[in-house]
Amino acid sequence: MSLEFTNSDAFTMGVELELMILSTHDWDLMRGAEDLLALIEKVEHPGEIKPEITESMIEISTSVHRDYREMLAELEAIRDTVLTQAQRLNLAISGGGAHPFQHWAEQRIFPKERFFHLHEMYGYLAKQFTVFGQHIHIGVSCGDDAVYLTHVISRYIPHFIALSASSPFSQGIDTAFDSSRLNNINAFPLSGTMPFVKDWADFNAYFDSMRDLQVVESMKDFYWDIRPKPEFGTIEIRVCDTPLTVRKAAMIGAYAQALARHLMLDRPHEPSLDVYRVYSFNRFTACRYGLDAGFIDAHSRERRTLKEDIAVTLKTLAPHAAALGSGAALAEISGGLESAQNDSSWLRETYRSTGALSDVVRLQSGRWSNE
Amino acid sequence: MDDASFLPAFPFAAANLMLVGAVLLCGLAAGQVFVRFLRLPRITGFVAAGLLLGPAVLNLIDQTMLNELSIFVDISLGLILFELGRRLDFRWLMRDRWLLASSVAESLLSFLLVFATLRLFNVGGVYAATAAAIAMATSPAVLLMVIHDRRAKGPLTERMLALTALNNVFAFLLITLLFGFVHLEYKANWVKAVAHPLYMIFGSIVLGYLAFMIARWLARWLGKREDAQFAMLLGLIVTTVGFAISFKLSVLLALLAFGVFVKNQDRDHDLMAVEFGPGAQFFFVVLFVITGAGLQLSELAVAGVVGAAFVVARLAGKLVGLMMFAPLSGLSQNKAALLAVGMVPMSAIAVVMVQGASALYPEFGARLSAIVLSAVVILELVGPLATQWSLTRAGETEEAARQPEPKQ
């Protein structure tokens, strides 16, 4: 039995954001997903709001969009719904890729069959998975396009890491990484990248053999950085930290959308194994150094900084952004490049000025709430 | 010269230290026995140890020793009330006005039902009112200790702490106001009846505010260092307790006010939310052992029926009050009932309040004791169990975290 790929409109998009549930007393993570979801269930709201693996996490997701401004408006509406209900329980909500000082061992698995199963299978890794990511879905018209786009967009994965990075602190220390969150994902056996398959039929052959070998049961078992999502008809980019604001989340979504349009219509590169040879290195430096990271371009074999590569890409994307109506979003990304500031820089600066990680969480929660 | 003067002699020079240490160790041991062998809450073990060692049974800790140890009770209560005050978040009250409404309802109904019950048993008006006011308050000591011991965390725990902070405020204010009526009962003049409650209420709040101002100033100077801020707060709490006693103010109200100001008035967030973790354990154990030692089983024999009726009326008031407003706060009836059960403990604070009344008019204190303390005996032993059960049922303690074995 092969995976059926749902055809969807090319260059549509949607985002999912995993969020922190916080105590307003000490700003540590707080178990509250169940009560919060019970309150949310009773009110009308756009998008979807769901539980995640531990009880101090919640996931919001948008519907399908073509216009990033509409997506932003929906994200703001979902954010406000969650906030209003959270405030009734005296809980705070925040973005950010990792909670700066939570202890993973204290986290509790959300009571749901699938999450208990993951905990049983992965042990402590499941609780260490209390990190918060943004997933971006980009619509593609068929399975072959999904495989093609997954391969060619891999070159740009460091862009997404550095632009969204917001997890410099973990378990109470400065990790020196801009995105420490991705280190937690590397530990899973089925993380990494999709194998170098050439089309959807080839992908299906690979998937079938993995299922026959009983390594996986479904696509959900692959924790790849980018994976095709046949039931949605999308590819899903999973390397981003949840940014500190919904505005930034929508901006990064718009960047992915314009990039996909460029790669699919202009076809500047063919899938290449060279991209995967430099992949881990580029990914690591992006996690570690953010926008100032070194970047190796597998196609031109040149070395430049990540922010230079993003600047060049943004220029190429200009006509596509114009066609998609996301020029303003890309201009804002461009404007932030010069100073190489991302959300991790903001978090570190906030720690420097306040001197306490609990203050950092309080202020990042305020930032999320648009206070 | 006495050649043997270097040898120890009775009475031992440091008998007090030995006493405190022994109290601590016995309490700890009993707590451990209760948890491990009887599967009962640790606090019940502390209290039982006190009851056993105290005048009621073995009399190893007698009344004079209890008086000498009262300083530890004051400091412990100071710590606990301060911590409780920090759980009273005015912003939450503004956002969820039904929270305040449910708190007023449960406090008022506990008061009215207990008052009516005591009147049925022919207890005099002022006594019944004072006892009913004491009944409003949930013991923050038991609540905080159970939360700490079972590592409870979650929305119900937070709500229980906020409601407890509120019903303590209501109880303190009402009891202090009732002091006025006690004065009148004992034929004091009107000026005294009005001035004394006002002095206690406003004096205590001003003292709490001064402590807060000093704490904030010191915190700015010390910086964001948890250990330094912890020591500073502990020092200020003890000093404030001392001032409250010396100025004949309410230790409870002053420390509660201190905590409330820290939570709500620290606009620049200079003060950290320091945990009184392992260090506070010492005070908790001593507090509960001494509380246990202060209990008198004879009270139960004399006023057992009244005490039992008191307990039932109080629980009914909390249940009805909380369940009435639960849907408006988005709370299920089941959770509201768990809240009411969790708020059953009524302990050391009540004892202290009774002592406060005793100091004023010994006869009044004695008559009030007979009524309240029988209820205290019952609730001191049952209360921790109720709180622990409630928080576990709500899925917020560590026990609740034991996950079911996943199906293969």
# chains A, B, ... in the order shown; residues from 1 in each chain; ligands from 1
$ residues_around --residues "stretch 192-208 of chain B" --least-positions-apart "3" --cutoff "8 Å" --atoms "only C-alpha atoms" --output "VMD selection string"
chain B and resid 173 176 to 184 188 to 189 211 to 212 240 244 248 to 251 253 to 259 261
$ interface_residues --of "chain A" --to "chain B" --cutoff "9 Å" --atoms "only C-alpha atoms" --output "compact mmCIF listing (two decimals) with C-alpha atoms, in the first residue's frame"
# COMPACT_ATOMS: atom_id res chain seq x y z
CA SER A 23 3.38 30.25 35.83
CA HIS A 25 4.44 33.29 40.02
CA ASP A 26 7.97 32.14 39.17
CA TRP A 27 7.83 32.07 35.33
CA MET A 30 3.45 25.20 34.28
CA ARG A 31 1.30 22.15 33.76
CA GLY A 32 -1.92 23.62 32.50
CA ASP A 35 -7.42 23.04 31.84
CA LEU A 36 -6.50 25.61 29.23
CA ALA A 38 -10.95 22.76 28.23
CA LEU A 39 -11.61 26.52 28.40
CA GLN A 87 -5.43 34.72 31.85
CA ARG A 88 -8.55 33.28 33.45
CA LEU A 89 -6.30 30.58 34.89
CA ASN A 90 -3.58 33.11 35.75
CA LEU A 91 -1.26 31.38 33.26
CA ARG A 108 4.75 15.61 32.63
CA ILE A 109 3.60 13.68 29.57
CA PRO A 111 -2.32 12.08 28.97
CA GLU A 113 -2.19 7.36 24.02
CA PHE A 116 2.49 7.76 26.37
CA HIS A 117 3.66 5.57 23.51
CA GLU A 120 7.63 4.53 26.48
CA THR A 354 17.87 42.23 34.01
CA GLY A 355 20.29 39.69 35.42
CA ALA A 356 17.73 36.94 35.97
CA SER A 358 12.94 34.55 35.29
CA ASP A 359 12.87 38.21 34.18
$ residues_around --residues "stretch 78-83 of chain A" --least-positions-apart "3" --cutoff "9 Å" --atoms "only C-alpha atoms" --output "PyMOL selection string"
chain A and resi 36-37+40+43-49+60-62+73-75+86-88+91-93+246+368-369
$ write_last_selection --atoms "C-alpha atoms" --output "PDB file, in the first residue's frame"
ATOM      1  CA  LEU A  36      -6.498  25.607  29.226  1.00  0.00           C
ATOM      2  CA  LEU A  37      -7.716  23.432  26.346  1.00  0.00           C
ATOM      3  CA  ILE A  40     -10.592  27.093  24.773  1.00  0.00           C
ATOM      4  CA  VAL A  43     -15.114  29.460  22.698  1.00  0.00           C
ATOM      5  CA  GLU A  44     -15.202  30.053  18.944  1.00  0.00           C
ATOM      6  CA  HIS A  45     -11.783  30.598  17.433  1.00  0.00           C
ATOM      7  CA  PRO A  46     -10.027  30.361  14.072  1.00  0.00           C
ATOM      8  CA  GLY A  47      -7.335  27.752  13.361  1.00  0.00           C
ATOM      9  CA  GLU A  48      -6.604  24.774  15.588  1.00  0.00           C
ATOM     10  CA  ILE A  49      -5.356  24.595  19.184  1.00  0.00           C
ATOM     11  CA  ILE A  60      -1.602  26.389  17.559  1.00  0.00           C
ATOM     12  CA  SER A  61      -1.976  26.060  13.796  1.00  0.00           C
ATOM     13  CA  THR A  62      -3.423  28.250  11.075  1.00  0.00           C
ATOM     14  CA  ALA A  73      -4.278  38.201  11.157  1.00  0.00           C
ATOM     15  CA  GLU A  74      -5.360  34.632  11.885  1.00  0.00           C
ATOM     16  CA  LEU A  75      -2.289  34.012  14.047  1.00  0.00           C
ATOM     17  CA  ALA A  86      -4.932  31.529  29.870  1.00  0.00           C
ATOM     18  CA  GLN A  87      -5.427  34.721  31.853  1.00  0.00           C
ATOM     19  CA  ARG A  88      -8.555  33.280  33.453  1.00  0.00           C
ATOM     20  CA  LEU A  91      -1.258  31.382  33.260  1.00  0.00           C
ATOM     21  CA  ALA A  92       1.075  33.195  30.888  1.00  0.00           C
ATOM     22  CA  ILE A  93       1.935  32.161  27.324  1.00  0.00           C
ATOM     23  CA  VAL A 246       3.485  35.934  15.725  1.00  0.00           C
ATOM     24  CA  TRP A 368       4.451  37.459  22.833  1.00  0.00           C
ATOM     25  CA  SER A 369       1.311  39.018  24.329  1.00  0.00           C
TER      26      SER A 369
END
$ residues_around --residues "B:Ala316" --least-positions-apart "5" --cutoff "10 Å" --atoms "only C-alpha atoms" --output "ChimeraX atom specification"
/B:106,109-110,113-114,310-311,321-322,340-341
$ atom_distance --atom1 "atom CA of A:Phe115" --atom2 "atom CA of A:Gly14"
23.9 Å
$ closest_residue --among "A:Val147, A:Leu244, A:Asp178, A:Gln341" --to "A:Gln364" --atoms "only C-alpha atoms"
A:Leu244
$ select_by_dssp --residues "stretch 119-293 of chain A" --states "helix (DSSP H, G or I)" --output "number ranges by chain"
A: 119-122, 124-128, 143-164, 181-186, 200-212, 219-221, 246-266, 273-292
$ write_last_selection --atoms "C-alpha atoms" --output "CSV table (one decimal), in the first residue's frame"
chain,number,residue,atom,x,y,z
A,119,HIS,CA,7.5,8.3,26.2
A,120,GLU,CA,7.6,4.5,26.5
A,121,MET,CA,9.7,4.3,23.3
A,122,TYR,CA,12.1,7.2,23.8
A,124,TYR,CA,13.9,10.6,28.8
A,125,LEU,CA,14.3,11.9,25.3
A,126,ALA,CA,10.5,12.4,25.2
A,127,LYS,CA,10.6,14.7,28.2
A,128,GLN,CA,13.6,16.5,26.8
A,143,GLY,CA,4.3,14.1,-4.8
A,144,ASP,CA,7.1,14.5,-7.4
A,145,ASP,CA,7.1,18.3,-6.7
A,146,ALA,CA,7.2,17.5,-3.0
A,147,VAL,CA,10.3,15.4,-3.4
A,148,TYR,CA,12.0,17.9,-5.7
A,149,LEU,CA,11.2,20.9,-3.4
A,150,THR,CA,12.4,19.0,-0.3
A,151,HIS,CA,15.8,18.4,-2.0
A,152,VAL,CA,16.4,21.9,-3.4
A,153,ILE,CA,15.1,23.8,-0.3
A,154,SER,CA,17.6,21.8,1.9
A,155,ARG,CA,20.3,24.2,0.8
A,156,TYR,CA,18.4,27.0,2.6
A,157,ILE,CA,17.7,25.3,5.9
A,158,PRO,CA,20.4,27.3,7.7
A,159,HIS,CA,18.5,30.5,6.7
A,160,PHE,CA,15.4,29.3,8.6
A,161,ILE,CA,17.4,28.3,11.6
A,162,ALA,CA,19.2,31.6,12.0
A,163,LEU,CA,16.2,33.8,11.2
A,164,SER,CA,14.0,32.1,13.8
A,181,ARG,CA,16.6,23.4,20.5
A,182,LEU,CA,17.8,21.5,17.4
A,183,ASN,CA,20.4,19.7,19.5
A,184,ASN,CA,17.5,18.0,21.3
A,185,ILE,CA,16.1,16.7,18.0
A,186,ASN,CA,19.4,15.3,16.8
A,200,TRP,CA,7.3,10.2,-5.3
A,201,ALA,CA,7.3,6.6,-6.6
A,202,ASP,CA,10.9,6.2,-5.4
A,203,PHE,CA,9.9,7.7,-2.1
A,204,ASN,CA,7.1,5.3,-1.7
A,205,ALA,CA,9.4,2.4,-2.4
A,206,TYR,CA,11.7,3.7,0.4
A,207,PHE,CA,8.8,4.2,2.8
A,208,ASP,CA,7.4,0.7,2.1
A,209,SER,CA,10.7,-1.0,2.8
A,210,MET,CA,11.0,1.0,6.0
A,211,ARG,CA,7.6,-0.1,7.0
A,212,ASP,CA,8.2,-3.8,6.0
A,219,MET,CA,5.2,9.3,8.2
A,220,LYS,CA,4.9,10.7,11.7
A,221,ASP,CA,7.8,8.5,12.8
A,246,VAL,CA,3.5,35.9,15.7
A,247,ARG,CA,4.6,38.7,13.4
A,248,LYS,CA,8.0,37.1,13.0
A,249,ALA,CA,6.4,33.7,12.6
A,250,ALA,CA,4.3,35.0,9.7
A,251,MET,CA,7.4,36.7,8.2
A,252,ILE,CA,9.4,33.5,8.2
A,253,GLY,CA,6.4,31.8,6.6
A,254,ALA,CA,6.3,34.4,3.9
A,255,TYR,CA,10.0,33.9,3.3
A,256,ALA,CA,9.5,30.1,2.8
A,257,GLN,CA,6.6,30.7,0.5
A,258,ALA,CA,8.5,33.1,-1.8
A,259,LEU,CA,11.5,30.8,-1.7
A,260,ALA,CA,9.4,27.8,-2.8
A,261,ARG,CA,7.9,29.9,-5.6
A,262,HIS,CA,11.4,30.8,-6.8
A,263,LEU,CA,12.7,27.2,-6.6
A,264,MET,CA,9.7,25.7,-8.3
A,265,LEU,CA,9.2,28.2,-11.1
A,266,ASP,CA,12.9,29.3,-11.8
A,273,LEU,CA,24.1,15.2,-3.2
A,274,ASP,CA,26.6,18.0,-2.6
A,275,VAL,CA,24.0,19.9,-0.7
A,276,TYR,CA,23.7,17.0,1.7
A,277,ARG,CA,27.5,16.7,2.0
A,278,VAL,CA,27.7,20.2,3.5
A,279,TYR,CA,24.3,20.0,5.2
A,280,SER,CA,25.2,19.0,8.7
A,281,PHE,CA,28.1,21.5,8.8
A,282,ASN,CA,25.9,24.4,7.6
A,283,ARG,CA,23.1,23.4,9.9
A,284,PHE,CA,25.5,23.3,12.9
A,285,THR,CA,27.1,26.7,12.3
A,286,ALA,CA,23.7,28.2,11.8
A,287,CYS,CA,22.5,26.8,15.2
A,288,ARG,CA,25.7,27.9,16.9
A,289,TYR,CA,26.4,31.4,15.4
A,290,GLY,CA,23.0,32.4,14.0
A,291,LEU,CA,23.1,35.1,11.2
A,292,ASP,CA,26.9,35.5,11.6
$ closest_residue --among "A:Lys229, A:His299, A:Lys112, A:Lys42" --to "A:Asn7" --atoms "only C-alpha atoms"
A:Lys229
$ atom_distance --atom1 "atom CA of B:Met343" --atom2 "atom CA of B:Arg119"
23.9 Å
$ residues_around --residues "B:Leu28" --least-positions-apart "6" --cutoff "12 Å" --atoms "only C-alpha atoms" --output "list of chain:residue names"
B:Gly21, B:Ala22, B:Phe34, B:Val35, B:Arg42, B:Ile43, B:Thr44, B:Gly45, B:Phe46, B:Val47, B:Ala48, B:Ala49, B:Gly50, B:Gln281, B:Phe282, B:Phe283, B:Phe284, B:Val285, B:Val286, B:Leu287, B:Phe288, B:Val289
$ select_by_dssp --residues "stretch 210-311 of chain A" --states "strand (DSSP E)" --output "JSON, numbers by chain"
{"A": [223, 224, 226, 227, 228, 229, 234, 235, 236, 237, 238, 239, 240, 241, 294, 295, 296, 303, 304, 305]}
$ atom_distance --atom1 "atom CA of A:Val140" --atom2 "atom CA of A:Pro51"
27.3 Å
$ residues_around --residues "B:Tyr127" --least-positions-apart "4" --cutoff "9 Å" --atoms "only C-alpha atoms" --output "PyMOL selection string"
chain B and resi 118+123+131-132+182+364+367-368+371
